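Chemist: model.cif is reproduced below (mmCIF, C-alpha atoms and all ligand atoms).
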```cif
data_model
loop_
_atom_site.group_PDB
_atom_site.id
_atom_site.type_symbol
_atom_site.label_atom_id
_atom_site.label_comp_id
_atom_site.auth_asym_id
_atom_site.auth_seq_id
_atom_site.Cartn_x
_atom_site.Cartn_y
_atom_site.Cartn_z
ATOM 1 C CA MET M 45 30.318 -16.839 13.551
ATOM 2 C CA THR M 46 28.665 -15.143 10.593
ATOM 3 C CA ASP M 47 29.783 -16.309 7.175
ATOM 4 C CA GLN M 48 30.429 -13.005 5.373
ATOM 5 C CA SER M 49 30.304 -14.665 1.943
ATOM 6 C CA VAL M 50 26.625 -15.618 2.284
ATOM 7 C CA ALA M 51 24.135 -12.774 1.974
ATOM 8 C CA ALA M 52 21.837 -12.225 4.945
ATOM 9 C CA VAL M 53 19.001 -11.833 2.461
ATOM 10 C CA SER M 54 19.027 -12.282 -1.282
ATOM 11 C CA LEU M 55 16.117 -11.694 -3.679
ATOM 12 C CA THR M 56 16.594 -12.512 -7.350
ATOM 13 C CA GLY M 57 14.035 -11.729 -10.047
ATOM 14 C CA VAL M 58 11.225 -11.652 -7.510
ATOM 15 C CA ASP M 59 7.667 -10.923 -8.673
ATOM 16 C CA LYS M 60 4.575 -10.991 -6.522
ATOM 17 C CA THR M 61 1.080 -10.914 -7.981
ATOM 18 C CA PHE M 62 -2.043 -10.999 -5.840
ATOM 19 C CA ASP M 63 -5.331 -12.272 -7.113
ATOM 20 C CA ALA M 64 -7.690 -9.450 -6.158
ATOM 21 C CA GLY M 65 -10.905 -11.279 -7.125
ATOM 22 C CA ARG M 66 -13.139 -9.375 -9.547
ATOM 23 C CA ALA M 67 -10.705 -6.470 -9.568
ATOM 24 C CA GLY M 68 -8.240 -8.791 -11.359
ATOM 25 C CA ALA M 69 -4.624 -9.355 -10.509
ATOM 26 C CA VAL M 70 -2.451 -6.828 -8.668
ATOM 27 C CA THR M 71 1.252 -6.911 -9.425
ATOM 28 C CA ALA M 72 2.665 -5.809 -6.085
ATOM 29 C CA LEU M 73 6.320 -6.428 -6.964
ATOM 30 C CA SER M 74 8.144 -6.884 -10.243
ATOM 31 C CA GLY M 75 11.742 -7.846 -10.981
ATOM 32 C CA ILE M 76 13.139 -7.284 -7.488
ATOM 33 C CA ASP M 77 16.875 -7.963 -7.181
ATOM 34 C CA LEU M 78 18.371 -7.112 -3.794
ATOM 35 C CA ALA M 79 21.143 -8.557 -1.660
ATOM 36 C CA VAL M 80 21.628 -7.477 1.941
ATOM 37 C CA ALA M 81 25.049 -8.313 3.401
ATOM 38 C CA PRO M 82 25.551 -9.674 6.916
ATOM 39 C CA GLY M 83 25.557 -6.721 9.297
ATOM 40 C CA GLU M 84 24.239 -4.319 6.681
ATOM 41 C CA PHE M 85 21.397 -1.894 7.465
ATOM 42 C CA VAL M 86 19.070 -1.383 4.511
ATOM 43 C CA SER M 87 15.933 0.760 4.531
ATOM 44 C CA LEU M 88 13.063 0.485 2.062
ATOM 45 C CA ILE M 89 11.280 3.735 1.275
ATOM 46 C CA GLY M 90 8.643 4.649 -1.296
ATOM 47 C CA PRO M 91 5.050 5.811 -1.698
ATOM 48 C CA SER M 92 2.139 3.923 -0.205
ATOM 49 C CA GLY M 93 1.380 0.765 -2.154
ATOM 50 C CA CYS M 94 4.842 0.313 -3.732
ATOM 51 C CA GLY M 95 5.214 -3.109 -2.138
ATOM 52 C CA LYS M 96 7.491 -2.491 0.853
ATOM 53 C CA SER M 97 5.439 -4.593 3.247
ATOM 54 C CA THR M 98 4.944 -7.263 0.615
ATOM 55 C CA LEU M 99 8.718 -7.519 0.173
ATOM 56 C CA MET M 100 9.150 -7.938 3.934
ATOM 57 C CA ARG M 101 6.381 -10.523 4.103
ATOM 58 C CA LEU M 102 8.077 -12.506 1.338
ATOM 59 C CA VAL M 103 11.398 -12.527 3.199
ATOM 60 C CA ALA M 104 9.568 -13.585 6.372
ATOM 61 C CA ASP M 105 7.831 -16.389 4.427
ATOM 62 C CA LEU M 106 4.390 -14.957 5.216
ATOM 63 C CA GLU M 107 3.768 -14.791 1.446
ATOM 64 C CA ARG M 108 5.247 -16.817 -1.413
ATOM 65 C CA PRO M 109 6.765 -15.140 -4.498
ATOM 66 C CA SER M 110 4.998 -15.604 -7.865
ATOM 67 C CA ALA M 111 8.435 -15.792 -9.525
ATOM 68 C CA GLY M 112 12.081 -15.558 -8.534
ATOM 69 C CA THR M 113 14.031 -16.812 -5.555
ATOM 70 C CA ILE M 114 14.544 -15.611 -1.996
ATOM 71 C CA SER M 115 17.200 -16.852 0.365
ATOM 72 C CA VAL M 116 17.999 -15.963 3.959
ATOM 73 C CA PHE M 117 21.550 -16.845 5.067
ATOM 74 C CA GLY M 118 21.654 -19.233 2.125
ATOM 75 C CA LYS M 119 18.478 -21.072 3.135
ATOM 76 C CA SER M 120 15.006 -20.886 1.664
ATOM 77 C CA ALA M 121 12.775 -18.268 3.308
ATOM 78 C CA HIS M 122 10.669 -21.143 4.589
ATOM 79 C CA GLN M 123 13.593 -22.916 6.253
ATOM 80 C CA ALA M 124 14.860 -19.666 7.761
ATOM 81 C CA ARG M 125 11.426 -19.096 9.290
ATOM 82 C CA LEU M 126 11.372 -22.598 10.738
ATOM 83 C CA ASP M 127 14.870 -22.042 12.133
ATOM 84 C CA GLN M 128 13.808 -18.610 13.479
ATOM 85 C CA ASP M 129 16.865 -17.015 11.960
ATOM 86 C CA TYR M 130 15.532 -13.488 12.445
ATOM 87 C CA GLY M 131 13.572 -11.199 14.720
ATOM 88 C CA ILE M 132 10.477 -9.451 13.423
ATOM 89 C CA ALA M 133 8.898 -6.155 14.480
ATOM 90 C CA PHE M 134 6.009 -5.253 12.202
ATOM 91 C CA GLN M 135 3.431 -2.425 12.270
ATOM 92 C CA ALA M 136 0.949 -4.186 14.522
ATOM 93 C CA ALA M 137 2.811 -5.026 17.700
ATOM 94 C CA GLY M 138 1.391 -8.581 17.762
ATOM 95 C CA LEU M 139 1.733 -9.069 21.512
ATOM 96 C CA LEU M 140 -0.093 -11.804 23.400
ATOM 97 C CA PRO M 141 -2.735 -9.903 25.400
ATOM 98 C CA TRP M 142 -2.946 -12.374 28.276
ATOM 99 C CA ARG M 143 0.780 -12.309 29.017
ATOM 100 C CA SER M 144 2.549 -9.534 30.897
ATOM 101 C CA VAL M 145 4.983 -7.261 29.087
ATOM 102 C CA ARG M 146 7.858 -9.208 30.631
ATOM 103 C CA ALA M 147 6.371 -12.566 29.603
ATOM 104 C CA ASN M 148 5.907 -11.303 26.034
ATOM 105 C CA VAL M 149 9.572 -10.341 25.813
ATOM 106 C CA GLU M 150 10.591 -13.676 27.332
ATOM 107 C CA LEU M 151 8.436 -15.711 24.963
ATOM 108 C CA PRO M 152 11.007 -16.518 22.235
ATOM 109 C CA LEU M 153 13.572 -17.397 24.920
ATOM 110 C CA GLN M 154 11.084 -19.650 26.675
ATOM 111 C CA VAL M 155 10.189 -21.386 23.403
ATOM 112 C CA HIS M 156 13.880 -22.136 22.950
ATOM 113 C CA GLY M 157 14.273 -23.546 26.423
ATOM 114 C CA MET M 158 16.225 -20.821 28.179
ATOM 115 C CA GLY M 159 15.987 -21.134 31.974
ATOM 116 C CA ARG M 160 13.866 -18.830 34.111
ATOM 117 C CA ALA M 161 16.738 -16.776 35.557
ATOM 118 C CA GLY M 162 18.408 -16.215 32.190
ATOM 119 C CA ARG M 163 15.111 -15.155 30.630
ATOM 120 C CA ALA M 164 14.343 -12.743 33.425
ATOM 121 C CA ALA M 165 17.793 -11.139 33.205
ATOM 122 C CA ARG M 166 17.554 -10.718 29.441
ATOM 123 C CA ALA M 167 14.001 -9.315 29.651
ATOM 124 C CA ASP M 168 15.138 -6.789 32.298
ATOM 125 C CA GLU M 169 17.990 -5.657 30.067
ATOM 126 C CA LEU M 170 15.720 -5.265 27.027
ATOM 127 C CA LEU M 171 12.904 -3.499 28.879
ATOM 128 C CA GLU M 172 15.469 -1.097 30.288
ATOM 129 C CA LEU M 173 16.734 -0.506 26.769
ATOM 130 C CA VAL M 174 13.303 0.405 25.411
ATOM 131 C CA GLY M 175 12.464 2.470 28.507
ATOM 132 C CA LEU M 176 9.748 0.206 29.867
ATOM 133 C CA ALA M 177 11.392 -1.337 32.922
ATOM 134 C CA GLU M 178 8.620 -0.129 35.215
ATOM 135 C CA PHE M 179 5.893 -1.605 32.999
ATOM 136 C CA ALA M 180 7.221 -5.177 33.092
ATOM 137 C CA GLY M 181 4.209 -6.427 35.031
ATOM 138 C CA HIS M 182 1.558 -4.649 32.933
ATOM 139 C CA ARG M 183 -0.613 -6.296 30.281
ATOM 140 C CA PRO M 184 -0.194 -4.967 26.713
ATOM 141 C CA ASP M 185 -3.668 -3.348 26.696
ATOM 142 C CA GLN M 186 -2.587 -1.184 29.634
ATOM 143 C CA LEU M 187 0.073 0.455 27.423
ATOM 144 C CA SER M 188 -0.173 3.033 24.645
ATOM 145 C CA GLY M 189 0.323 1.951 21.019
ATOM 146 C CA GLY M 190 3.868 3.303 20.994
ATOM 147 C CA MET M 191 4.738 1.489 24.195
ATOM 148 C CA GLN M 192 3.354 -1.766 22.797
ATOM 149 C CA GLN M 193 5.533 -1.227 19.739
ATOM 150 C CA ARG M 194 8.585 -0.878 21.987
ATOM 151 C CA VAL M 195 7.719 -4.161 23.703
ATOM 152 C CA ALA M 196 7.560 -5.800 20.278
ATOM 153 C CA ILE M 197 11.014 -4.423 19.458
ATOM 154 C CA ALA M 198 12.401 -5.732 22.741
ATOM 155 C CA ARG M 199 10.943 -9.150 21.931
ATOM 156 C CA ALA M 200 12.434 -9.088 18.411
ATOM 157 C CA LEU M 201 15.862 -8.438 19.936
ATOM 158 C CA ALA M 202 15.562 -11.057 22.679
ATOM 159 C CA GLU M 203 17.537 -13.752 20.901
ATOM 160 C CA ARG M 204 20.213 -11.454 19.506
ATOM 161 C CA PRO M 205 19.180 -12.323 15.936
ATOM 162 C CA ARG M 206 21.623 -11.853 13.067
ATOM 163 C CA LEU M 207 18.766 -10.409 10.996
ATOM 164 C CA LEU M 208 15.956 -8.057 11.998
ATOM 165 C CA LEU M 209 12.941 -7.406 9.782
ATOM 166 C CA MET M 210 11.279 -4.164 10.827
ATOM 167 C CA ASP M 211 8.205 -2.755 9.087
ATOM 168 C CA GLU M 212 7.592 0.828 10.260
ATOM 169 C CA PRO M 213 8.367 -0.104 13.851
ATOM 170 C CA PHE M 214 8.656 3.511 14.993
ATOM 171 C CA GLY M 215 5.603 4.868 13.154
ATOM 172 C CA ALA M 216 3.508 5.227 16.309
ATOM 173 C CA LEU M 217 6.205 6.828 18.469
ATOM 174 C CA ASP M 218 6.482 10.501 19.385
ATOM 175 C CA GLU M 219 9.422 12.299 17.783
ATOM 176 C CA MET M 220 11.718 12.286 20.819
ATOM 177 C CA THR M 221 11.179 8.601 21.599
ATOM 178 C CA ARG M 222 11.586 7.833 17.926
ATOM 179 C CA GLU M 223 14.978 9.527 17.743
ATOM 180 C CA ARG M 224 16.079 7.758 20.918
ATOM 181 C CA MET M 225 14.991 4.393 19.499
ATOM 182 C CA GLN M 226 16.813 5.141 16.242
ATOM 183 C CA GLY M 227 19.995 5.773 18.231
ATOM 184 C CA GLU M 228 19.499 2.558 20.204
ATOM 185 C CA LEU M 229 18.858 0.573 17.043
ATOM 186 C CA VAL M 230 22.042 1.860 15.395
ATOM 187 C CA ARG M 231 23.988 1.007 18.550
ATOM 188 C CA LEU M 232 22.443 -2.437 18.758
ATOM 189 C CA SER M 233 22.922 -3.350 15.131
ATOM 190 C CA THR M 234 26.543 -2.184 15.280
ATOM 191 C CA GLN M 235 27.229 -4.012 18.534
ATOM 192 C CA THR M 236 25.564 -7.266 17.553
ATOM 193 C CA GLY M 237 26.517 -7.133 13.869
ATOM 194 C CA CYS M 238 22.971 -8.025 12.880
ATOM 195 C CA ALA M 239 21.634 -7.120 9.446
ATOM 196 C CA VAL M 240 18.448 -5.065 9.342
ATOM 197 C CA ILE M 241 15.794 -4.515 6.686
ATOM 198 C CA PHE M 242 13.737 -1.533 7.774
ATOM 199 C CA VAL M 243 10.599 -0.102 6.156
ATOM 200 C CA THR M 244 9.899 3.566 6.767
ATOM 201 C CA HIS M 245 8.103 6.565 5.279
ATOM 202 C CA SER M 246 10.592 8.966 6.846
ATOM 203 C CA ILE M 247 13.550 10.074 4.719
ATOM 204 C CA PRO M 248 15.617 11.383 7.688
ATOM 205 C CA GLU M 249 14.969 8.161 9.581
ATOM 206 C CA ALA M 250 16.110 6.051 6.612
ATOM 207 C CA VAL M 251 19.237 8.182 6.199
ATOM 208 C CA TYR M 252 20.125 8.171 9.889
ATOM 209 C CA LEU M 253 19.842 4.411 10.201
ATOM 210 C CA SER M 254 21.038 2.966 6.935
ATOM 211 C CA ASP M 255 24.080 1.879 5.017
ATOM 212 C CA ARG M 256 21.882 1.926 1.898
ATOM 213 C CA VAL M 257 18.417 3.310 1.201
ATOM 214 C CA VAL M 258 16.404 1.372 -1.360
ATOM 215 C CA VAL M 259 13.911 3.648 -3.119
ATOM 216 C CA MET M 260 10.836 1.919 -4.515
ATOM 217 C CA SER M 261 8.160 3.006 -6.980
ATOM 218 C CA PRO M 262 4.610 1.646 -7.363
ATOM 219 C CA ARG M 263 2.470 -0.035 -10.047
ATOM 220 C CA PRO M 264 4.200 -2.367 -10.236
ATOM 221 C CA GLY M 265 6.486 -2.167 -7.208
ATOM 222 C CA ARG M 266 10.093 -1.915 -8.356
ATOM 223 C CA ILE M 267 13.412 -0.749 -7.010
ATOM 224 C CA SER M 268 13.983 2.600 -8.714
ATOM 225 C CA ALA M 269 17.209 3.667 -6.985
ATOM 226 C CA VAL M 270 19.639 2.555 -4.321
ATOM 227 C CA VAL M 271 21.297 5.402 -2.398
ATOM 228 C CA PRO M 272 24.448 4.544 -0.411
ATOM 229 C CA ILE M 273 24.696 6.561 2.822
ATOM 230 C CA GLU M 274 28.195 7.478 3.825
ATOM 231 C CA LEU M 275 28.043 9.038 7.274
ATOM 232 C CA SER M 276 31.201 8.733 9.311
ATOM 233 C CA ASP M 277 29.313 8.220 12.560
ATOM 234 C CA ARG M 278 25.825 8.253 14.047
ATOM 235 C CA ASN M 279 25.452 10.302 17.176
ATOM 236 C CA GLU M 280 23.356 13.140 18.600
ATOM 237 C CA ASP M 281 24.954 15.681 16.268
ATOM 238 C CA THR M 282 24.607 13.637 13.087
ATOM 239 C CA ARG M 283 21.216 15.091 12.169
ATOM 240 C CA GLU M 284 22.715 18.608 12.151
ATOM 241 C CA GLU M 285 25.620 17.775 9.842
ATOM 242 C CA PRO M 286 25.985 18.809 6.184
ATOM 243 C CA GLY M 287 26.630 15.181 5.128
ATOM 244 C CA PHE M 288 23.317 14.198 6.664
ATOM 245 C CA PHE M 289 21.404 16.941 4.791
ATOM 246 C CA ALA M 290 23.140 15.984 1.557
ATOM 247 C CA ALA M 291 22.061 12.354 1.977
ATOM 248 C CA VAL M 292 18.471 13.406 2.803
ATOM 249 C CA THR M 293 18.446 15.488 -0.383
ATOM 250 C CA ALA M 294 19.815 12.592 -2.442
ATOM 251 C CA VAL M 295 17.042 10.257 -1.239
ATOM 252 C CA ARG M 296 14.376 12.947 -1.701
ATOM 253 C CA GLU M 297 15.548 13.551 -5.259
ATOM 254 C CA ALA M 298 15.518 9.834 -6.009
ATOM 255 C CA LEU M 299 11.907 9.681 -4.784
ATOM 256 C CA ARG M 300 10.962 12.820 -6.739
ATOM 257 C CA ALA M 301 12.655 11.686 -9.939
ATOM 258 C CA ARG M 302 10.457 8.639 -9.886
ATOM 259 C CA ALA M 303 7.285 10.607 -9.081
ATOM 260 C CA SER M 304 7.887 13.004 -11.987
ATOM 261 C CA VAL M 305 8.336 10.069 -14.413
ATOM 262 C CA GLU M 306 4.963 8.768 -13.265
ATOM 263 C CA LEU M 307 3.207 12.121 -13.693
ATOM 264 C CA SER M 308 4.619 12.750 -17.164
HETATM 265 N N1 LIG M 401 -3.182 -9.785 0.313
HETATM 266 C C1 LIG M 401 -3.299 -8.931 -0.707
HETATM 267 N N2 LIG M 401 -4.258 -9.103 -1.665
HETATM 268 C C2 LIG M 401 -4.349 -8.254 -2.698
HETATM 269 N N3 LIG M 401 -3.550 -7.185 -2.889
HETATM 270 C C3 LIG M 401 -2.602 -6.949 -1.977
HETATM 271 C C4 LIG M 401 -2.428 -7.806 -0.824
HETATM 272 N N4 LIG M 401 -1.379 -7.332 -0.095
HETATM 273 C C5 LIG M 401 -0.938 -6.233 -0.745
HETATM 274 N N5 LIG M 401 -1.662 -6.010 -1.862
HETATM 275 C C6 LIG M 401 -1.455 -4.922 -2.838
HETATM 276 O O1 LIG M 401 -0.082 -4.905 -3.159
HETATM 277 C C7 LIG M 401 0.372 -3.553 -3.316
HETATM 278 C C8 LIG M 401 1.558 -3.341 -2.377
HETATM 279 O O2 LIG M 401 1.078 -3.339 -1.015
HETATM 280 P P1 LIG M 401 2.063 -3.170 0.234
HETATM 281 O O3 LIG M 401 1.241 -3.224 1.464
HETATM 282 O O4 LIG M 401 3.187 -4.102 0.089
HETATM 283 O O5 LIG M 401 2.594 -1.670 -0.001
HETATM 284 P P2 LIG M 401 3.436 -0.721 0.965
HETATM 285 O O6 LIG M 401 4.480 -0.085 0.107
HETATM 286 O O7 LIG M 401 3.894 -1.478 2.157
HETATM 287 O O8 LIG M 401 2.342 0.358 1.388
HETATM 288 P P3 LIG M 401 2.241 1.295 2.700
HETATM 289 O O9 LIG M 401 3.395 2.256 2.602
HETATM 290 O O10 LIG M 401 0.929 1.995 2.513
HETATM 291 O O11 LIG M 401 2.291 0.418 3.906
HETATM 292 C C9 LIG M 401 -0.824 -2.665 -3.053
HETATM 293 O O12 LIG M 401 -1.390 -2.323 -4.297
HETATM 294 C C10 LIG M 401 -1.754 -3.551 -2.261
HETATM 295 O O13 LIG M 401 -3.081 -3.195 -2.489
#
```
Turn this file's structure into structure tokens for me.
Ligand SMILES: Nc1ncnc2c1ncn2[C@@H]1O[C@H](COP(=O)(O)OP(=O)(O)OP(=O)(O)O)[C@@H](O)[C@H]1O

Modeler:
Amino acid sequence: MTDQSVAAVSLTGVDKTFDAGRAGAVTALSGIDLAVAPGEFVSLIGPSGCGKSTLMRLVADLERPSAGTISVFGKSAHQARLDQDYGIAFQAAGLLPWRSVRANVELPLQVHGMGRAGRAARADELLELVGLAEFAGHRPDQLSGGMQQRVAIARALAERPRLLLMDEPFGALDEMTRERMQGELVRLSTQTGCAVIFVTHSIPEAVYLSDRVVVMSPRPGRISAVVPIELSDRNEDTREEPGFFAAVTAVREALRARASVELS
């Protein structure tokens, strides 16, 4: 059972500076405070270079913060990575080219000792979900970029994680597939109660998916606004509803407000 009193992810006073050689130091993130509750869906949005991917990489323990603390379900980011407390779907699909699509999806289950029949059943279910059932026997390089991305999402979901870290996972998908995947992701996160941190450049996507949209600004990367999204439901009609447009406008204005401060 999930302990609701412990944040899924908590960042406190987090800074990240990169040493960029002769170009000097780059402050990618400064003073980041963010807590994501168990089961909460939070999107990160902001202009290119504002540190969205860096923030995700810190949570996933692929980078270390220069200052501040990060915890994942009350553990250090490092321990959470060792314990594989989350599923990851990042921009590059990161599939193993020599394994079939099915074997890629089964990989985390295999690593954790699940038997052959259980793995196969779960992989079938997930490949059905992402619309790739008939490609189970293909190698990743026989699929388009968007299809590879869907395999990566299926793999991230394989172990029913209580946290998903997703960095522009739908960026390479056509609009119709993207909307279908958004619907599936909402359904999945609601059904499984998993928390999600989701990086996107799309305002409507962030609004459709999220409980809160975190708006970031660059140089240095900071959180400039947090917009709560209060939609009663997410279904096929949601994108046509006045509440949806109002939320899109609120996020757009938060992004614009920041851009106009920078230009002035
Ligand atoms: N390994 C690194 N070494 C040096 N600088 C880096 C490194 N990784 C990121 N940066 C810098 O940190 C800043 C934030 O980069 P990051 O990729 O996190 O931004 P982003 O918001 O995800 O951008 P995008 O929307 O374009 O994907 C940028 O200025 C980038 O150049």

Chemist: With only C-alpha atoms as the counted atoms, please give the residues lying no more than 10 Å from Ala177 (chain M), apart from itself and same-chain residues fewer than 5 positions off, as number ranges by chain.

Modeler: M: 145-146, 167-172

Chemist: Using only C-alpha atoms, please write the residues we just selected to a file, as a CSV table (one decimal), in the frame of the given file.

Modeler:
```csv
chain,number,residue,atom,x,y,z
M,145,VAL,CA,5.0,-7.3,29.1
M,146,ARG,CA,7.9,-9.2,30.6
M,167,ALA,CA,14.0,-9.3,29.7
M,168,ASP,CA,15.1,-6.8,32.3
M,169,GLU,CA,18.0,-5.7,30.1
M,170,LEU,CA,15.7,-5.3,27.0
M,171,LEU,CA,12.9,-3.5,28.9
M,172,GLU,CA,15.5,-1.1,30.3
```

Chemist: Report, in Å to a single decimal, how far apart atom C3 of ligand LIG 401 (chain M) and CA of Arg66 (chain M) are.

Modeler: 13.2 Å

Chemist: Please report as a tab-separated table every residue of chain M lying within 6 Å of ligand LIG 401 (chain M), along with the nearest atom pair and their distance in Å (one decimal), using only C-alpha atoms and all ligand atoms.

Modeler:
```
residue	atom	partner	partner_atom	distance
M:Phe62	CA	M:LIG401	C2	4.8
M:Ala64	CA	M:LIG401	C2	5.0
M:Val70	CA	M:LIG401	N3	5.9
M:Ala72	CA	M:LIG401	O1	4.1
M:Pro91	CA	M:LIG401	O9	5.8
M:Ser92	CA	M:LIG401	O9	3.5
M:Gly93	CA	M:LIG401	O5	3.5
M:Cys94	CA	M:LIG401	O6	3.9
M:Gly95	CA	M:LIG401	O4	3.2
M:Lys96	CA	M:LIG401	O6	3.9
M:Ser97	CA	M:LIG401	O7	3.6
M:Thr98	CA	M:LIG401	O4	3.7
```

Chemist: Could you tell me how far CA of Arg143 (chain M) lies from CA of Pro184 (chain M), in Å and to one decimal?

Modeler: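 Interatomic distance here is 7.8 Å.
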
Chemist: Kindly resolve the PyMOL selection byres (((chain M and resi 115-119) around 10) and not hetatm) on the present coordinates and return the residues as a ChimeraX atom specification.

Modeler: /M:46-56,79-82,103-104,113-114,120-125,127,129-130,206-207

Chemist: Could you work out how far CA of Ile197 (chain M) lies from CA of Val251 (chain M), giving the answer in Å with one decimal?

Modeler: 20.1 Å

Chemist: For the provided coordinates, the residues matched by the PyMOL selection byres (((chain M and resi 59) around 12) and not hetatm) should be stated as number ranges by chain.

Modeler: M: 55-58, 60-62, 70-77, 95, 98-99, 102, 107-114, 264-267
